[in-house]
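Shown next, in structure tokens, is the structure this report addresses.
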Amino acid sequence: MQRSTNKSTLILALGLVYILWGSTFLGMKIGAEILPPFLLTTLRFILAGSIMLAYGLWQEKERPSARQWMNAAIVGVLLIGIGNSSVALAVTVMPSGMVALFIAALPAWFISLDWAFFSRKKPQALTLWGLFLGFAGLFYIFDPFHLLTAGPTTNRSIPLWPIPLLTLGSVAWALGSLLSPRMNMPKQMTASGIQMLAGMVVGLILSLCLELDNWHQFGEMTLRTWSAVVYLVLFGSLVGFTAYSWLVNNAPPQLTSTYAYVNPVVAIFLGWLILDEQLSAQSLTGSAIVIAGVVLMTLKKK
């Protein structure tokens, strides 16, 4: 019975991260129409983190030790302060498809770091083939060579300076995810709240240093902007981040990291379903390749 319950929880958590985080690219894009990216990150996680921490302390009835506070804060800085902030900045200056393609390299970082520093277990051949197929499918969907050469200014139409930041953010995210189950952490919701607030502090510092002249735009937020922030807080952070936090502590890293492949596919289909965006044969074919890669990566996982 316990095994069946755990399996159901695993499927639910994966489904939430797959679908909800697939929609947050759009939410960040809309929010950043008015707010600078680091201020958006600060606003999103100060709201979500405060709610989650207050509820966690009340519901879980636990007083975390100083070590547990520190451990959760370290993971929060890696996941949100560095990982999420790099994406929030990149989607304001690069096509979300190209950002998603770089984020899709996350499974490779998960497997490489886990192999090199943690489990020391060599990845299975099926996992490596799945890794290759998933990335190839997203590469086919988004066609970065076309993105780089499109437009009258060719290569200069898309800035490439966010790429090193995205790489750093991806490594930080994978490292934080791998460290979390190996550290003495508070209970689930309390830990998530601390992580969000710690990441928020990094976003606030970056915003104060780089965006202070644009803080007046907070007063220019429209209903559309607030709707995006509320969606990011409720579904991207409170529900999605909590589900992800459960996964990193209860599922194999290779399985958890598959969300990075599925999120862009979900974003494409949500755009077609909700925004009436065109769904091309290339998108359908690439999505099928991605799904095949994810299936291979999850075969024979306990």
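Identifiers for the structure tokens are assigned positionally: chains receive A, B, ... in sequence, residues are indexed from 1 per chain, and ligands are indexed from 1 in the order shown.
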
- Message: Please list as a list in words every residue within 9 Å of Met189 of chain A, counting only C-alpha atoms and excluding residues in the same chain fewer than 6 positions away.
- Response: Met52, Leu53, Tyr55, Gly56, Leu57, Gln59, Glu60, Thr242 and Ser245 of chain A

Export of the given selection (C-alpha atoms) as an mmCIF file, in the first residue's frame:
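Listed below is the output, selection10.cif:
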```cif
data_model
loop_
_atom_site.group_PDB
_atom_site.id
_atom_site.type_symbol
_atom_site.label_atom_id
_atom_site.label_comp_id
_atom_site.auth_asym_id
_atom_site.auth_seq_id
_atom_site.Cartn_x
_atom_site.Cartn_y
_atom_site.Cartn_z
ATOM 1 C CA MET A 52 5.016 28.882 2.352
ATOM 2 C CA LEU A 53 7.251 29.433 5.401
ATOM 3 C CA TYR A 55 2.188 27.738 6.556
ATOM 4 C CA GLY A 56 5.049 25.245 6.964
ATOM 5 C CA LEU A 57 5.941 26.398 10.466
ATOM 6 C CA GLN A 59 1.347 22.975 9.769
ATOM 7 C CA GLU A 60 4.546 20.974 10.326
ATOM 8 C CA THR A 242 6.981 22.378 -3.673
ATOM 9 C CA SER A 245 11.357 19.982 -3.878
#
```

- Fewer than 3 positions away in the same chain doesn't count, so skip those; otherwise give me all residues within 12 Å of Gly130 of chain A, counting only C-alpha atoms, as a PyMOL selection string. chain A and resi 107-108+111+123-127+133-137+254-255+257-258+261+289-299

- Query: Which of these residues is nearest to Ala66 of chain A, using only C-alpha atoms: A:Pro252, A:Pro159, A:Pro186, A:Gly83?
  - Reply: A:Pro186

Using DSSP secondary structure from the backbone, list all alpha helix (DSSP H) positions within segment 43-277 of chain A, as a compact mmCIF listing (two decimals) with N, CA and C atoms, in the first residue's frame.
```txt
# COMPACT_ATOMS: atom_id res chain seq x y z
N LEU A 43 9.81 39.98 -6.18
CA LEU A 43 8.38 40.09 -5.84
C LEU A 43 7.73 38.71 -5.79
N ARG A 44 8.06 37.88 -6.77
CA ARG A 44 7.46 36.54 -6.84
C ARG A 44 7.79 35.71 -5.61
N PHE A 45 9.05 35.69 -5.23
CA PHE A 45 9.46 34.76 -4.17
C PHE A 45 9.32 35.34 -2.77
N ILE A 46 9.24 36.66 -2.63
CA ILE A 46 8.97 37.18 -1.29
C ILE A 46 7.53 36.88 -0.90
N LEU A 47 6.63 36.91 -1.89
CA LEU A 47 5.24 36.56 -1.62
C LEU A 47 5.09 35.06 -1.38
N ALA A 48 5.62 34.26 -2.33
CA ALA A 48 5.48 32.81 -2.23
C ALA A 48 6.23 32.26 -1.01
N GLY A 49 7.44 32.76 -0.77
CA GLY A 49 8.25 32.26 0.34
C GLY A 49 7.64 32.58 1.69
N SER A 50 7.09 33.79 1.85
CA SER A 50 6.47 34.17 3.12
C SER A 50 5.26 33.30 3.42
N ILE A 51 4.44 33.08 2.37
CA ILE A 51 3.25 32.24 2.56
C ILE A 51 3.66 30.82 2.91
N MET A 52 4.61 30.27 2.16
CA MET A 52 5.02 28.88 2.35
C MET A 52 5.68 28.67 3.71
N LEU A 53 6.56 29.59 4.13
CA LEU A 53 7.25 29.43 5.40
C LEU A 53 6.27 29.54 6.57
N ALA A 54 5.36 30.51 6.50
CA ALA A 54 4.38 30.67 7.58
C ALA A 54 3.50 29.43 7.68
N TYR A 55 3.04 28.93 6.55
CA TYR A 55 2.19 27.74 6.56
C TYR A 55 2.98 26.51 7.02
N GLY A 56 4.23 26.38 6.57
CA GLY A 56 5.05 25.25 6.96
C GLY A 56 5.32 25.21 8.45
N LEU A 57 5.68 26.35 9.03
CA LEU A 57 5.94 26.40 10.47
C LEU A 57 4.69 26.07 11.27
N TRP A 58 3.53 26.52 10.76
CA TRP A 58 2.27 26.26 11.47
C TRP A 58 1.83 24.80 11.29
N GLN A 59 1.87 24.30 10.06
CA GLN A 59 1.35 22.98 9.77
C GLN A 59 2.29 21.87 10.24
N GLU A 60 3.59 22.04 10.01
CA GLU A 60 4.55 20.97 10.33
C GLU A 60 5.02 21.01 11.77
N ALA A 66 19.63 25.83 13.58
CA ALA A 66 20.42 26.80 12.82
C ALA A 66 21.05 26.13 11.60
N ARG A 67 21.52 24.90 11.76
CA ARG A 67 22.13 24.17 10.65
C ARG A 67 21.11 23.90 9.55
N GLN A 68 19.89 23.54 9.93
CA GLN A 68 18.85 23.29 8.94
C GLN A 68 18.47 24.57 8.18
N TRP A 69 18.39 25.70 8.91
CA TRP A 69 18.13 26.98 8.25
C TRP A 69 19.22 27.28 7.23
N MET A 70 20.47 27.07 7.63
CA MET A 70 21.59 27.36 6.75
C MET A 70 21.59 26.45 5.53
N ASN A 71 21.34 25.16 5.73
CA ASN A 71 21.33 24.22 4.61
C ASN A 71 20.23 24.56 3.60
N ALA A 72 19.04 24.85 4.11
CA ALA A 72 17.94 25.20 3.22
C ALA A 72 18.24 26.50 2.47
N ALA A 73 18.88 27.45 3.15
CA ALA A 73 19.22 28.72 2.51
C ALA A 73 20.25 28.52 1.40
N ILE A 74 21.23 27.65 1.63
CA ILE A 74 22.25 27.37 0.60
C ILE A 74 21.59 26.80 -0.65
N VAL A 75 20.70 25.82 -0.45
CA VAL A 75 20.00 25.23 -1.60
C VAL A 75 19.14 26.28 -2.29
N GLY A 76 18.49 27.15 -1.52
CA GLY A 76 17.66 28.21 -2.12
C GLY A 76 18.47 29.18 -2.95
N SER A 85 17.09 33.11 -11.35
CA SER A 85 17.38 34.49 -11.76
C SER A 85 18.03 34.55 -13.14
N SER A 86 18.87 33.57 -13.46
CA SER A 86 19.51 33.57 -14.77
C SER A 86 18.48 33.38 -15.88
N VAL A 87 17.47 32.54 -15.63
CA VAL A 87 16.41 32.34 -16.62
C VAL A 87 15.55 33.59 -16.73
N ALA A 88 15.20 34.20 -15.60
CA ALA A 88 14.36 35.41 -15.62
C ALA A 88 15.03 36.52 -16.42
N LEU A 89 16.35 36.63 -16.32
CA LEU A 89 17.06 37.64 -17.10
C LEU A 89 17.12 37.26 -18.57
N ALA A 90 17.40 36.00 -18.86
CA ALA A 90 17.59 35.57 -20.24
C ALA A 90 16.33 35.70 -21.08
N SER A 96 12.19 32.74 -25.93
CA SER A 96 11.99 31.75 -24.87
C SER A 96 12.35 30.34 -25.35
N GLY A 97 12.19 30.09 -26.67
CA GLY A 97 12.57 28.79 -27.21
C GLY A 97 14.05 28.51 -27.08
N MET A 98 14.87 29.53 -27.33
CA MET A 98 16.31 29.34 -27.21
C MET A 98 16.71 29.17 -25.75
N VAL A 99 16.06 29.93 -24.85
CA VAL A 99 16.32 29.76 -23.42
C VAL A 99 15.97 28.34 -22.99
N ALA A 100 14.80 27.87 -23.46
CA ALA A 100 14.38 26.52 -23.11
C ALA A 100 15.37 25.48 -23.62
N LEU A 101 15.97 25.74 -24.77
CA LEU A 101 16.93 24.79 -25.33
C LEU A 101 18.17 24.68 -24.43
N PHE A 102 18.63 25.81 -23.91
CA PHE A 102 19.79 25.77 -23.02
C PHE A 102 19.43 25.13 -21.68
N ILE A 103 18.21 25.40 -21.20
CA ILE A 103 17.78 24.78 -19.96
C ILE A 103 17.64 23.27 -20.14
N LEU A 106 19.97 20.59 -18.72
CA LEU A 106 19.98 20.25 -17.30
C LEU A 106 20.18 18.76 -17.01
N PRO A 107 19.48 17.86 -17.72
CA PRO A 107 19.70 16.44 -17.42
C PRO A 107 21.17 16.02 -17.55
N ALA A 108 21.88 16.62 -18.51
CA ALA A 108 23.30 16.30 -18.67
C ALA A 108 24.09 16.75 -17.44
N TRP A 109 23.75 17.92 -16.91
CA TRP A 109 24.44 18.40 -15.71
C TRP A 109 24.09 17.53 -14.51
N PHE A 110 22.83 17.14 -14.39
CA PHE A 110 22.42 16.25 -13.31
C PHE A 110 23.24 14.96 -13.34
N ILE A 111 23.26 14.33 -14.51
CA ILE A 111 23.94 13.04 -14.64
C ILE A 111 25.44 13.18 -14.42
N SER A 112 26.03 14.22 -14.99
CA SER A 112 27.48 14.41 -14.88
C SER A 112 27.90 14.69 -13.44
N LEU A 113 27.20 15.62 -12.77
CA LEU A 113 27.56 15.96 -11.40
C LEU A 113 27.29 14.81 -10.44
N ALA A 125 23.19 2.88 -20.45
CA ALA A 125 23.17 3.21 -21.88
C ALA A 125 21.82 3.81 -22.28
N LEU A 126 20.73 3.27 -21.73
CA LEU A 126 19.40 3.80 -22.06
C LEU A 126 19.27 5.26 -21.61
N THR A 127 19.84 5.58 -20.44
CA THR A 127 19.80 6.95 -19.96
C THR A 127 20.54 7.89 -20.90
N LEU A 128 21.71 7.48 -21.36
CA LEU A 128 22.49 8.31 -22.27
C LEU A 128 21.80 8.49 -23.61
N TRP A 129 21.20 7.40 -24.12
CA TRP A 129 20.46 7.51 -25.37
C TRP A 129 19.24 8.42 -25.19
N GLY A 130 18.57 8.32 -24.06
CA GLY A 130 17.43 9.20 -23.79
C GLY A 130 17.86 10.65 -23.70
N LEU A 131 19.01 10.87 -23.06
CA LEU A 131 19.56 12.21 -22.96
C LEU A 131 19.81 12.81 -24.34
N PHE A 132 20.40 12.02 -25.21
CA PHE A 132 20.69 12.47 -26.57
C PHE A 132 19.41 12.74 -27.36
N LEU A 133 18.45 11.82 -27.27
CA LEU A 133 17.20 11.97 -28.02
C LEU A 133 16.43 13.20 -27.57
N GLY A 134 16.33 13.40 -26.25
CA GLY A 134 15.59 14.54 -25.73
C GLY A 134 16.16 15.86 -26.21
N PHE A 135 17.47 15.99 -26.13
CA PHE A 135 18.10 17.24 -26.57
C PHE A 135 17.97 17.40 -28.09
N ALA A 136 18.10 16.31 -28.83
CA ALA A 136 17.97 16.37 -30.28
C ALA A 136 16.56 16.82 -30.68
N GLY A 137 15.55 16.32 -29.95
CA GLY A 137 14.18 16.72 -30.24
C GLY A 137 13.95 18.20 -30.03
N LEU A 138 14.46 18.75 -28.91
CA LEU A 138 14.30 20.17 -28.65
C LEU A 138 15.12 21.00 -29.64
N PHE A 139 16.29 20.51 -30.01
CA PHE A 139 17.11 21.19 -31.01
C PHE A 139 16.35 21.29 -32.33
N TYR A 140 15.65 20.21 -32.68
CA TYR A 140 14.87 20.19 -33.92
C TYR A 140 13.68 21.15 -33.84
N ILE A 141 13.02 21.21 -32.68
CA ILE A 141 11.86 22.09 -32.52
C ILE A 141 12.26 23.56 -32.67
N PHE A 142 13.29 23.97 -31.92
CA PHE A 142 13.60 25.39 -31.82
C PHE A 142 14.61 25.87 -32.86
N PRO A 144 18.03 26.50 -33.35
CA PRO A 144 18.76 27.71 -32.94
C PRO A 144 19.52 28.38 -34.07
N PHE A 145 19.94 27.63 -35.08
CA PHE A 145 20.64 28.25 -36.20
C PHE A 145 19.71 29.20 -36.96
N HIS A 146 18.43 28.81 -37.05
CA HIS A 146 17.46 29.70 -37.70
C HIS A 146 17.23 30.95 -36.85
N LEU A 147 17.14 30.74 -35.51
CA LEU A 147 16.92 31.89 -34.63
C LEU A 147 18.07 32.88 -34.71
N LEU A 148 19.30 32.35 -34.83
CA LEU A 148 20.46 33.22 -34.85
C LEU A 148 20.58 33.99 -36.16
N THR A 149 20.13 33.41 -37.25
CA THR A 149 20.31 34.05 -38.56
C THR A 149 19.06 34.78 -39.03
N PRO A 162 23.86 36.22 -22.52
CA PRO A 162 23.22 35.46 -21.43
C PRO A 162 23.61 33.98 -21.39
N ILE A 163 24.24 33.45 -22.46
CA ILE A 163 24.53 32.02 -22.50
C ILE A 163 25.43 31.58 -21.35
N PRO A 164 26.54 32.28 -21.05
CA PRO A 164 27.34 31.87 -19.88
C PRO A 164 26.55 31.94 -18.57
N LEU A 165 25.65 32.93 -18.47
CA LEU A 165 24.83 33.03 -17.26
C LEU A 165 23.86 31.86 -17.15
N LEU A 166 23.27 31.45 -18.28
CA LEU A 166 22.38 30.30 -18.28
C LEU A 166 23.12 29.02 -17.91
N THR A 167 24.36 28.92 -18.41
CA THR A 167 25.17 27.74 -18.07
C THR A 167 25.46 27.71 -16.57
N LEU A 168 25.86 28.86 -16.01
CA LEU A 168 26.09 28.94 -14.57
C LEU A 168 24.82 28.62 -13.79
N GLY A 169 23.69 29.17 -14.26
CA GLY A 169 22.43 28.91 -13.58
C GLY A 169 22.04 27.45 -13.62
N SER A 170 22.29 26.78 -14.76
CA SER A 170 21.97 25.37 -14.89
C SER A 170 22.82 24.51 -13.95
N VAL A 171 24.12 24.82 -13.88
CA VAL A 171 25.01 24.08 -12.98
C VAL A 171 24.58 24.29 -11.52
N ALA A 172 24.24 25.54 -11.17
CA ALA A 172 23.82 25.83 -9.80
C ALA A 172 22.52 25.09 -9.47
N TRP A 173 21.60 25.06 -10.43
CA TRP A 173 20.32 24.38 -10.19
C TRP A 173 20.53 22.89 -9.99
N ALA A 174 21.33 22.27 -10.85
CA ALA A 174 21.59 20.83 -10.73
C ALA A 174 22.31 20.52 -9.42
N LEU A 175 23.28 21.36 -9.04
CA LEU A 175 24.02 21.15 -7.80
C LEU A 175 23.11 21.27 -6.59
N GLY A 176 22.27 22.30 -6.57
CA GLY A 176 21.34 22.47 -5.46
C GLY A 176 20.37 21.31 -5.34
N SER A 177 19.91 20.80 -6.49
CA SER A 177 18.98 19.67 -6.48
C SER A 177 19.63 18.40 -5.96
N LEU A 178 20.89 18.21 -6.30
CA LEU A 178 21.61 17.01 -5.84
C LEU A 178 22.01 17.12 -4.38
N LEU A 179 22.30 18.32 -3.91
CA LEU A 179 22.69 18.51 -2.51
C LEU A 179 21.51 18.36 -1.56
N GLN A 188 9.29 19.44 4.64
CA GLN A 188 9.09 19.81 3.24
C GLN A 188 8.69 21.27 3.03
N MET A 189 7.56 21.71 3.57
CA MET A 189 7.05 23.06 3.29
C MET A 189 7.91 24.13 3.95
N THR A 190 8.41 23.85 5.14
CA THR A 190 9.29 24.81 5.81
C THR A 190 10.56 25.01 5.00
N ALA A 191 11.14 23.91 4.52
CA ALA A 191 12.36 24.00 3.71
C ALA A 191 12.10 24.78 2.43
N SER A 192 10.96 24.54 1.78
CA SER A 192 10.64 25.26 0.54
C SER A 192 10.52 26.76 0.80
N GLY A 193 9.88 27.13 1.91
CA GLY A 193 9.73 28.54 2.24
C GLY A 193 11.07 29.21 2.48
N ILE A 194 11.95 28.55 3.22
CA ILE A 194 13.29 29.10 3.47
C ILE A 194 14.06 29.24 2.16
N GLN A 195 13.98 28.24 1.30
CA GLN A 195 14.68 28.28 0.02
C GLN A 195 14.21 29.45 -0.84
N MET A 196 12.89 29.65 -0.89
CA MET A 196 12.36 30.77 -1.69
C MET A 196 12.84 32.11 -1.16
N LEU A 197 12.80 32.29 0.15
CA LEU A 197 13.20 33.57 0.73
C LEU A 197 14.70 33.81 0.58
N ALA A 198 15.50 32.74 0.69
CA ALA A 198 16.94 32.89 0.48
C ALA A 198 17.24 33.28 -0.96
N GLY A 199 16.55 32.63 -1.91
CA GLY A 199 16.73 33.00 -3.32
C GLY A 199 16.25 34.41 -3.59
N MET A 200 15.18 34.81 -2.90
CA MET A 200 14.67 36.17 -3.05
C MET A 200 15.69 37.21 -2.63
N VAL A 201 16.43 36.93 -1.56
CA VAL A 201 17.45 37.88 -1.09
C VAL A 201 18.50 38.12 -2.17
N VAL A 202 18.91 37.04 -2.86
CA VAL A 202 19.88 37.20 -3.96
C VAL A 202 19.28 38.05 -5.07
N GLY A 203 18.01 37.76 -5.42
CA GLY A 203 17.34 38.56 -6.45
C GLY A 203 17.24 40.03 -6.05
N LEU A 204 16.97 40.28 -4.78
CA LEU A 204 16.86 41.66 -4.29
C LEU A 204 18.21 42.37 -4.39
N ILE A 205 19.28 41.71 -3.99
CA ILE A 205 20.61 42.32 -4.07
C ILE A 205 20.97 42.64 -5.52
N LEU A 206 20.70 41.69 -6.43
CA LEU A 206 20.97 41.94 -7.85
C LEU A 206 20.13 43.09 -8.38
N SER A 207 18.87 43.16 -7.96
CA SER A 207 18.01 44.23 -8.43
C SER A 207 18.46 45.59 -7.90
N LEU A 208 18.87 45.64 -6.62
CA LEU A 208 19.36 46.89 -6.05
C LEU A 208 20.63 47.37 -6.76
N CYS A 209 21.48 46.43 -7.15
CA CYS A 209 22.75 46.79 -7.79
C CYS A 209 22.58 47.15 -9.27
N LEU A 210 21.63 46.50 -9.95
CA LEU A 210 21.55 46.62 -11.41
C LEU A 210 20.28 47.28 -11.93
N LEU A 223 -3.09 45.14 -14.80
CA LEU A 223 -3.79 43.92 -14.39
C LEU A 223 -3.13 42.70 -15.03
N ARG A 224 -2.67 42.86 -16.27
CA ARG A 224 -1.99 41.77 -16.97
C ARG A 224 -0.71 41.36 -16.23
N THR A 225 0.06 42.37 -15.76
CA THR A 225 1.30 42.09 -15.04
C THR A 225 1.02 41.42 -13.70
N TRP A 226 0.05 41.96 -12.96
CA TRP A 226 -0.29 41.37 -11.67
C TRP A 226 -0.81 39.94 -11.82
N SER A 227 -1.56 39.71 -12.89
CA SER A 227 -2.07 38.36 -13.14
C SER A 227 -0.92 37.39 -13.35
N ALA A 228 0.11 37.83 -14.09
CA ALA A 228 1.28 36.98 -14.31
C ALA A 228 2.01 36.71 -13.00
N VAL A 229 2.15 37.74 -12.15
CA VAL A 229 2.83 37.56 -10.86
C VAL A 229 2.05 36.60 -9.97
N VAL A 230 0.73 36.78 -9.91
CA VAL A 230 -0.10 35.90 -9.07
C VAL A 230 0.00 34.46 -9.57
N TYR A 231 0.00 34.27 -10.89
CA TYR A 231 0.12 32.92 -11.43
C TYR A 231 1.47 32.31 -11.06
N GLY A 240 4.27 24.35 -7.87
CA GLY A 240 5.31 23.76 -8.71
C GLY A 240 6.63 23.55 -7.97
N PHE A 241 7.10 24.57 -7.24
CA PHE A 241 8.38 24.44 -6.56
C PHE A 241 8.30 23.43 -5.43
N THR A 242 7.14 23.36 -4.74
CA THR A 242 6.98 22.38 -3.67
C THR A 242 7.01 20.96 -4.24
N ALA A 243 6.35 20.76 -5.39
CA ALA A 243 6.37 19.45 -6.03
C ALA A 243 7.79 19.08 -6.45
N TYR A 244 8.53 20.07 -6.98
CA TYR A 244 9.92 19.80 -7.38
C TYR A 244 10.79 19.48 -6.17
N SER A 245 10.58 20.22 -5.10
CA SER A 245 11.36 19.98 -3.88
C SER A 245 11.11 18.57 -3.36
N TRP A 246 9.87 18.09 -3.46
CA TRP A 246 9.58 16.71 -3.05
C TRP A 246 10.32 15.73 -3.96
N LEU A 247 10.33 16.00 -5.26
CA LEU A 247 10.98 15.10 -6.22
C LEU A 247 12.47 14.96 -5.94
N VAL A 248 13.16 16.07 -5.69
CA VAL A 248 14.61 15.97 -5.51
C VAL A 248 14.98 15.19 -4.26
N ASN A 249 14.04 15.07 -3.34
CA ASN A 249 14.30 14.31 -2.12
C ASN A 249 13.77 12.88 -2.17
N ASN A 250 13.00 12.55 -3.21
CA ASN A 250 12.36 11.24 -3.22
C ASN A 250 12.47 10.49 -4.55
N PRO A 253 17.75 11.34 -9.58
CA PRO A 253 18.06 12.60 -10.26
C PRO A 253 17.74 12.56 -11.76
N GLN A 254 17.99 11.41 -12.41
CA GLN A 254 17.73 11.32 -13.85
C GLN A 254 16.25 11.49 -14.16
N LEU A 255 15.40 10.98 -13.27
CA LEU A 255 13.96 11.09 -13.46
C LEU A 255 13.50 12.52 -13.19
N THR A 256 13.97 13.10 -12.11
CA THR A 256 13.59 14.47 -11.77
C THR A 256 13.97 15.44 -12.87
N TYR A 259 12.04 16.97 -16.38
CA TYR A 259 11.14 18.12 -16.55
C TYR A 259 11.72 19.15 -17.52
N ALA A 260 13.06 19.24 -17.56
CA ALA A 260 13.71 20.23 -18.43
C ALA A 260 13.46 19.93 -19.91
N TYR A 261 13.19 18.67 -20.23
CA TYR A 261 12.84 18.30 -21.60
C TYR A 261 11.35 18.50 -21.87
N VAL A 262 10.53 18.20 -20.87
CA VAL A 262 9.09 18.21 -21.08
C VAL A 262 8.52 19.63 -21.03
N ASN A 263 9.08 20.52 -20.19
CA ASN A 263 8.55 21.87 -20.06
C ASN A 263 8.41 22.62 -21.38
N PRO A 264 9.45 22.63 -22.26
CA PRO A 264 9.28 23.34 -23.54
C PRO A 264 8.18 22.75 -24.40
N VAL A 265 8.04 21.42 -24.38
CA VAL A 265 6.98 20.77 -25.15
C VAL A 265 5.61 21.20 -24.62
N VAL A 266 5.46 21.23 -23.29
CA VAL A 266 4.21 21.67 -22.68
C VAL A 266 3.93 23.12 -23.04
N ALA A 267 4.97 23.96 -23.03
CA ALA A 267 4.80 25.38 -23.37
C ALA A 267 4.28 25.54 -24.80
N ILE A 268 4.78 24.73 -25.71
CA ILE A 268 4.33 24.79 -27.10
C ILE A 268 2.85 24.44 -27.20
N PHE A 269 2.45 23.35 -26.54
CA PHE A 269 1.06 22.91 -26.63
C PHE A 269 0.11 23.85 -25.89
N LEU A 270 0.55 24.46 -24.79
CA LEU A 270 -0.29 25.43 -24.09
C LEU A 270 -0.47 26.68 -24.95
N GLY A 271 0.59 27.08 -25.65
CA GLY A 271 0.48 28.21 -26.56
C GLY A 271 -0.53 27.96 -27.66
N TRP A 272 -0.55 26.72 -28.16
CA TRP A 272 -1.52 26.34 -29.20
C TRP A 272 -2.94 26.29 -28.62
N LEU A 273 -3.07 25.74 -27.40
CA LEU A 273 -4.38 25.55 -26.80
C LEU A 273 -4.99 26.85 -26.30
N ILE A 274 -4.17 27.70 -25.67
CA ILE A 274 -4.69 28.90 -25.00
C ILE A 274 -4.55 30.15 -25.86
```

- Task: Provide the atom CA of Val17 of chain A to atom CA of Val77 of chain A distance in Å, to one decimal place.
- Result: 19.9 Å

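Nearest to Leu160 of chain A of all the residues A:Phe38, A:Ile82, A:Ser283, A:Val93 is A:Val93, counting only C-alpha atoms.
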
- Item | Selected residue, from A:Asp213, A:Arg120, A:Leu232, A:Trp115, that lies nearest to Gly22 of chain A when counting only C-alpha atoms | A:Leu232
